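Read through the structure below, which is laid out as structure tokens, and then see the notes.
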Amino acid sequence: MSCEPVIDVRGLTKSFGDKTVVDHFDLKVPRGSIYGFLGPNGSGKTTTIRMVCGLLKPDEGEGTCLGYDVLHESVKIKSNVGYMTQRFSLYEDLSIRENLEFFSRLYGLDNMRRRVNDAIASLGLEGRARQLAGSLSGGWKQRLALAACMIHEPQLLLLDEPTAGVDPKARRDFWDTIRAYAREGVTTLVSTHYMDEAVQCDRIAYIAYGKKLLDAPTAEIPARLGLHAFKIDNGDLEKLSAALKGAPGVEILARFGASIHVCGKDREKLAAAVGRIRGEPGVRVTEIEAGLEEAFIYLMTESDDNFSVEESAA
Amino acid sequence: MISFSRIAAVFIKELVQMRRDRPTFAIMIMVPVMQLALFGFAINTDPRHLPAAVELRDDGPLTRSFLSSLKQSTYVDIIDIVHSDAEGEELLRSGKVNFLIVIPENFETEFVRGQKPEILIAADASDPVAAGGVVGAIGEIARRAFAPELDRLPAKLRGGAPPYNVVIHRQYNPEGVTAFNIVPGLLGVILTMTMTMITSIALTRERERGTYEALLSTPVRPLEIMIGKTTPYIIVGAIQTSIILLAARYVFHIPFTGDPAAFLLVISVFILTNLMLGYLISTVAKTQMQAMQMTFFIFLPSILLSGFMFPFRAMPSWARAIGEAIPNTHFLRMVREIMLKGAGLPDIIGDLGPLLLILLVLAGIALMRFQRTLD
């Protein structure tokens with residue numbers, strides 16, 4: 001196994017009309033890792049993934065995916081990448097088996113029957129292989145879509161918001177599958193805006209308005225952001241929330257069960273804001289270390305939806 | 001209770017969506033305007049200036065007077081003068097002329113002698129509409145042409161029956177049965193409509209359902225998709241053809257006089273051409289609705305300018321130029337020649353060539369338009 005990164009792109013830029021959707025984007029994804037791609041709607045996540053797998057031609061930039069040139073070898077990239085689109089992209093009027101057969105034929109696979117049977121078995125859908133894909137529930141559709149884009153055993157899996165609209169249990173199962181693939185050496189690049197998915201990633205790139213703002217191992221992100229946090233419990237939380245909201249230094253305020261977490265980058269101001277409510281009856285304030293959850297809430301609230309033509313580009 | 005404001009809300013939303021969907025809007029406006037302009041001028045149910053040839057076996061003042069009278073009537077344009085049966089027959093069979101007017105030998109002498117010579121009008125009745133006008137008018141044309149001459153004849157020849165006969169010979173469809181013309185024509189129209197429509201949503205449907213992106217993310221090539229998506233419908237087209245042919249034979253009793261192999265070739269090329277046309281539409285249309293509208297946009301000319309409804313030769317030259325670019329035009333000519341006139345492959349090359357050209361051009365443009373990326 002070489003230590004070459006699976007994805008290594010530099011300066012990727014893409015514009016639709018006069019709107020620059022992805023702006024000089026660099027990305028290095030090491031083999032076998034699960035790489036999270038975080039950012040608000042319309043920030044350019046989908047466009048970047050499409051450029052990496054050869055579905056869109058970058059206006060500028062260069063690089064390789066699985067060792068193939070992203071500008072000139074898109075056919076080879078397509079043959080070796082499993083790409084799962086944001087929207088359910090299988091044929092609802094084909095059965096589970098027919099969908100899997102269709103994709104194995106497109107990839108020109110040998111042993112089609114065995115592969116399809118294996119895929120159906122690993123999905124646990126042996127009895128339902130003739131059921132139409134359109135009649136499956138959201139969670140099963142996702143798993144089937146994943147099975148379809150893994151049918152040719154790609155080394156790289158690109159997932160574009162794979163679990164949007166899927167219930168938490170199904171989402172956990174989905175991630176167990178991704179982890180299992182990662183153990184086998186499959187690299188995954190996954191875009192998301194769910195916190196519980198982001199924490200599953202080994203490393204995270206944060207993108208907003210087409211620019212990469214942060215790229216770090218997941219565990220280091222709170223420290224990188226330089227967040228300070230206080231936990232407030234007991235007392236009238238509704239009233240306390242109202243008092244703290246918008247106070248200088250309080251950049252995020254989030255409710256965690258029976259407590260409130262407030263965070264900000266400026267510890268002085270944050271402490272001062274919290275100090276004002278210390279005297280309220282029964283209130284307990286403790287300084288805590290800002291964790292991943294605070295960091296993600298911070299990142300997610302930082303920028304609103306990035307309006308762009310990206311979502312309608314398909 | 002019906003709420004006016006809710007109705008207004010829906011009404012305004014629809015207006016806004018309609019305005020956003022520019023291509024659909026443009027088609028809704030352009031279709032009536034363009035098609036009115038096209039067909040209002042192009043279509044003529046009282047066909048005139050149909051091409052005719054004269055087989056001249058005698059010449060003299062009477063003949064010349066008759067021919068100039070024919071010209072003045074504007075029903076026919078004499079485009080060729082021939083001197084033998086073979087030449088005349090060939091012109092008529094190939095469709096270059098709709099009429100062949102035969103002036104027999106010794107016409108002039110027999111006329112003056114009162115021997116009632118026969119002027120033969122051979123009409124290509126495979127299109128009864130085209131033939132009808134001239135056939136109806138020919139008696140009067142002849143009477144006027146010969147009126148001044150009659151005055152100079154001896155009194156015993158004047159009055160009573162005219163000293164000549166006009167014999168009308170409807171060829172290829174002696175009884176002038178409209179079905180002979182319509183049924184082979186319907187084959188073209190039905191194939192045009194169904195084949196084009198079915199493939200016009202081939203890619204559009206993928207785009208609308210979100211499966212397009214997954215399809216493009218696989219290594220499949222545009223040509224592979226094109227072939228894979230169009231070939232199933234060749235079978236559908238073959239079934240339709242069989243049904244129409246059986247009906248032509250057993251319901252309408254239309255003879256099939258030509259070469260079946262040539263027919264098979266023609267029908268295959270024609271089905272492919274229409275599938276390609278639909279496929280090209282599907283590379284352009286953003287929604288299935290747009291695809292349908294575009295299909296109809298080309299469907300009307302295929303009926304009205306192809307010679308299906310109205311005689312092709314009677315249209316003005318600019319309309320004929322448009323008609324030459326329509327696959328159905330060439331198909332109709334070939335099918336009528338094969339079915340009704342007993343033509344074989346060598347006789348239809350002149351129309352098979354242009355049809356093949358149209359097929360290649362359509363397929364080429366469709367492939368150029370079909371990108372492997374989502375740009």
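Letters for chains follow the order of the structure tokens (A, B, ...), residue numbers begin at 1 for each chain, and ligand numbers begin at 1 in the order shown.
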Quiz item: Mind checking DSSP for stretch 63-265 of chain B and telling me the helix (DSSP H, G or I) residues as a PyMOL selection string?
Solution: chain B and resi 63-73+85-94+107-113+128-151+155-157+178-200+202-209+211-216+222-250+260-265
Exercise. Please identify all polymer residues within 12 Å of A:Lys245, counting only C-alpha atoms, omitting same-chain residues fewer than 3 positions from it, and present them as a ChimeraX atom specification.
Key: /A:237-242,248-255,260-263,270,273-274
Quiz item: Once you count only C-alpha atoms, which residues of chain B turn out to be within 6 Å of chain A? Could you give them as number ranges by chain?
Solution: B: 210-211, 214, 217-219, 373-375
Quiz item: Could you pull the residues within 9 Å of stretch 131-136 of chain A, counting only C-alpha atoms, minus those fewer than 6 positions along the same chain, as a PyMOL selection string?
Solution: chain A and resi 90-99+144
Quiz item: Any idea what's packed within 10 Å of B:Arg320, counting only C-alpha atoms, ignoring anything in its chain fewer than 4 positions away? Could you give it as a VMD selection string?
Solution: chain B and resid 42 305 to 307 312 to 316 324 to 326 329
Practice problem: Might you pull out every residue within 8 Å of B:Asp80, with only C-alpha atoms counted and same-chain residues fewer than 4 positions away left off, and present them as a list in words? | Solution: Ala52, Ala53 and Val54 of chain B
Take the residues from that selection and put them in a file with N, CA and C atoms, as an mmCIF file, in the first residue's frame.
```cif
data_model
loop_
_atom_site.group_PDB
_atom_site.id
_atom_site.type_symbol
_atom_site.label_atom_id
_atom_site.label_comp_id
_atom_site.auth_asym_id
_atom_site.auth_seq_id
_atom_site.Cartn_x
_atom_site.Cartn_y
_atom_site.Cartn_z
ATOM 1 N N ALA B 52 -46.210 18.384 -64.472
ATOM 2 C CA ALA B 52 -46.767 17.483 -65.475
ATOM 3 C C ALA B 52 -45.771 17.338 -66.617
ATOM 4 N N ALA B 53 -45.863 16.216 -67.301
ATOM 5 C CA ALA B 53 -45.037 16.016 -68.496
ATOM 6 C C ALA B 53 -45.971 15.767 -69.672
ATOM 7 N N VAL B 54 -45.512 16.154 -70.833
ATOM 8 C CA VAL B 54 -46.320 15.929 -72.024
ATOM 9 C C VAL B 54 -45.578 14.955 -72.924
#
```
Exercise. Measuring atom to atom with only C-alpha atoms, identify which of B:Met334, B:Met195, B:Ile138, B:Ile12 is nearest to B:Gly350.
Key: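 Among the listed residues, B:Met334 lies closest to B:Gly350.
With atom CA of B:Thr74 on one side and atom CA of B:Gly133 on the other, the separation reads 10.9 Å.
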Quiz item: If you count only C-alpha atoms, which residues fall within 9 Å of stretch 62-65 of chain B, apart from same-chain ones fewer than 5 positions away, as a list of chain:residue names?
Solution: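 Here the answer would be B:Leu56, B:Leu70, B:Ile103, B:Phe107, B:Glu108, B:Phe111, B:Ala145, B:Phe146, B:Glu149.
If you count only C-alpha atoms and ignore residues fewer than 3 places along the chain from B:Ala285, what sits within 10 Å of it is Pro23, Thr24, Ser200, Ile201, Leu203, Thr204, Arg205, Arg207, Tyr279, Leu280, Ile281, Ser282, Gln288, Met289, Gln290, Ala291, Met292, Gln293 and Met294 of chain B.
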